[in-house]
Amino acid sequence: MSGQLPPTNPIFGRNSIYVVHRRPPTTSYFPSCRLRAGTTSRQENGKSESWEPANRMFVLGMGFVGSFLAQCLKNQEWGVSGSCTSLVKKKKLEEEMGFDVYLFNANEPEPEVLSILNHHTHLIVSIPPLVGTGDPMLQHEEHLKSMLMEGNLKWLCYLSSTSVYGNCGGMWVDEDYPVCPANEKAKARLAAEEGWLKLGHDLGISTQIFRLGGIYGPGRSAVDTLIKQEPLSELQKMRASRQYTSRVHVADICQALRASICNPSSGRIYNLVDDDPAPRTEVLSYAWDLVNRKWFGHTKQSVSPCMPESFRTESISRAEKRVSNARMKKELRVKLLHPSYKSGLKSIIDHMDNPFL
């Protein structure tokens, strides 16, 4: 690619505070596509004997994004199941959120977890690859393929990361920009992309890849970081030294996936980021202002967004990249709910109860 692309436009710990978010209605994340799941039923003697949602989503990895998406789809009357790796998380997802959840052991997957995929029409893969091992599910590719061959699956999506592009020196990058993963984790991401695309192709299933920027949303944002009143970790400081950081609000992830379900394009890769690849220091400063305007005097100086000079002077070498979302907007016709971190953080704090009471 030559030249630059134009911009296209919770929580526990020592002395930490539990942050309560009042999440806005999730149905708003599916504004322009009819995703109401139809039902199938059998009539006998004039009576309906049984029914089930015609659209059934399985979320492999019900973490932050997976759980948020699952709730959105459930509100649209989809059948939703998923997997996690913790009994505590499983209990919470089942008892508090009403999902059917299966424990998934990457090394020894239960046959039940693989066979249950047959009963679903859509599959989201939201589990990170393991360095040295690769994608946990693709370790069992042949068994998985045989299980899905005669199933109902018609749409598959793998959630990847913009880390596959590596450090591009601050250049604007789109999906055609040469990938150059800079570490083993990013290399594993790229290998997983290729593996899921191949599996989908072999099965004749519409398969999409979404490369996500830094994910934030209620309970996981710069606002929450400041309210926790803990010093920035070394990793956070390192991230803050980057001149550019692409990010995306979880609500926009949901609506982009919705658009893909409505308009599938097999084999297509999409960058899923907002319009504003701002540095983390700028984002933290804005979050600092929001918190202090709403709850003045409660945040500690120890979590000031100021960055040590040693990190600041390295910002040029850590310029990373600016990621274009033009393809997603054009082909999927997505209009971002939060095109910038400013509207995203403002929405988060507006739906947050006072954490200092």
# chains A, B, ... in the order shown; residues from 1 in each chain; ligands from 1
>>> select_by_dssp(residues="segment 38-257 of chain A", states="strand (DSSP E)", output="JSON, numbers by chain")
{"A": [39, 40, 41, 42, 43, 44, 47, 48, 49, 50, 51, 52, 53, 56, 57, 58, 59, 60, 79, 80, 81, 82, 83, 84, 100, 101, 102, 103, 122, 123, 124, 125, 155, 156, 157, 158, 159, 160, 161, 172, 173, 206, 207, 208, 209, 210, 211, 212, 214, 215, 216, 247, 248, 249]}
>>> closest_atom_pairs(of="segment 78-163 of chain A", to="segment 213-232 of chain A", cutoff="12 Å", atoms="only C-alpha atoms", output="CSV")
residue,atom,partner,partner_atom,distance
A:Leu159,CA,A:Gly213,CA,10.5
A:Ser160,CA,A:Gly213,CA,9.1
A:Ser161,CA,A:Gly213,CA,6.2
A:Thr162,CA,A:Gly213,CA,5.6
A:Ser163,CA,A:Gly213,CA,8.1
>>> closest_residue(among="A:Met149, A:Cys168, A:Leu290, A:Ala256", to="His201 of chain A", atoms="only C-alpha atoms")
A:Met149
>>> closest_atom_pairs(of="segment 200-306 of chain A", to="segment 116-136 of chain A", cutoff="10 Å", atoms="only C-alpha atoms", output="JSON lines")
{"residue": "A:Ile205", "atom": "CA", "partner": "A:His122", "partner_atom": "CA", "distance": 9.8}
{"residue": "A:Ser206", "atom": "CA", "partner": "A:His122", "partner_atom": "CA", "distance": 9.7}
{"residue": "A:Thr207", "atom": "CA", "partner": "A:Leu123", "partner_atom": "CA", "distance": 9.5}
{"residue": "A:Gln208", "atom": "CA", "partner": "A:Ile124", "partner_atom": "CA", "distance": 9.7}
{"residue": "A:Ile209", "atom": "CA", "partner": "A:Val125", "partner_atom": "CA", "distance": 9.7}
{"residue": "A:Leu257", "atom": "CA", "partner": "A:Ile124", "partner_atom": "CA", "distance": 9.3}
{"residue": "A:Ile261", "atom": "CA", "partner": "A:His122", "partner_atom": "CA", "distance": 8.6}
>>> closest_residue(among="A:Lys185, A:His140, A:Lys342, A:Lys90", to="His249 of chain A", atoms="only C-alpha atoms")
A:Lys342
>>> closest_residue(among="A:Ala259, A:Val80, A:Gly200, A:Lys91", to="Arg333 of chain A", atoms="only C-alpha atoms")
A:Ala259
>>> residues_around(residues="Ile269 of chain A", least_positions_apart="5", cutoff="10 Å", atoms="only C-alpha atoms", output="list in words")
Cys157, Tyr158, Ser160, Asp174, Glu175, Asp176, Glu193, Leu197, Thr207, Gln208, Ile209, Phe210, Arg211, Arg327 and Met328 of chain A
>>> atom_distance(atom1="atom CA of Tyr165 of chain A", atom2="atom CA of Pro264 of chain A")
24.0 Å
>>> atom_distance(atom1="atom CA of Leu144 of chain A", atom2="atom CA of Leu114 of chain A")
6.6 Å
>>> closest_residue(among="A:Lys346, A:Lys329, A:Lys187, A:Arg280", to="Ser246 of chain A", atoms="only C-alpha atoms")
A:Arg280
>>> closest_residue(among="A:Lys335, A:Lys74, A:Arg189, A:Arg258", to="Gly166 of chain A", atoms="only C-alpha atoms")
A:Arg189
>>> select_by_dssp(residues="segment 138-280 of chain A", states="helix (DSSP H, G or I)", output="number ranges by chain")
A: 138-148, 162-165, 184-203, 222-227, 234-240, 250-262, 280
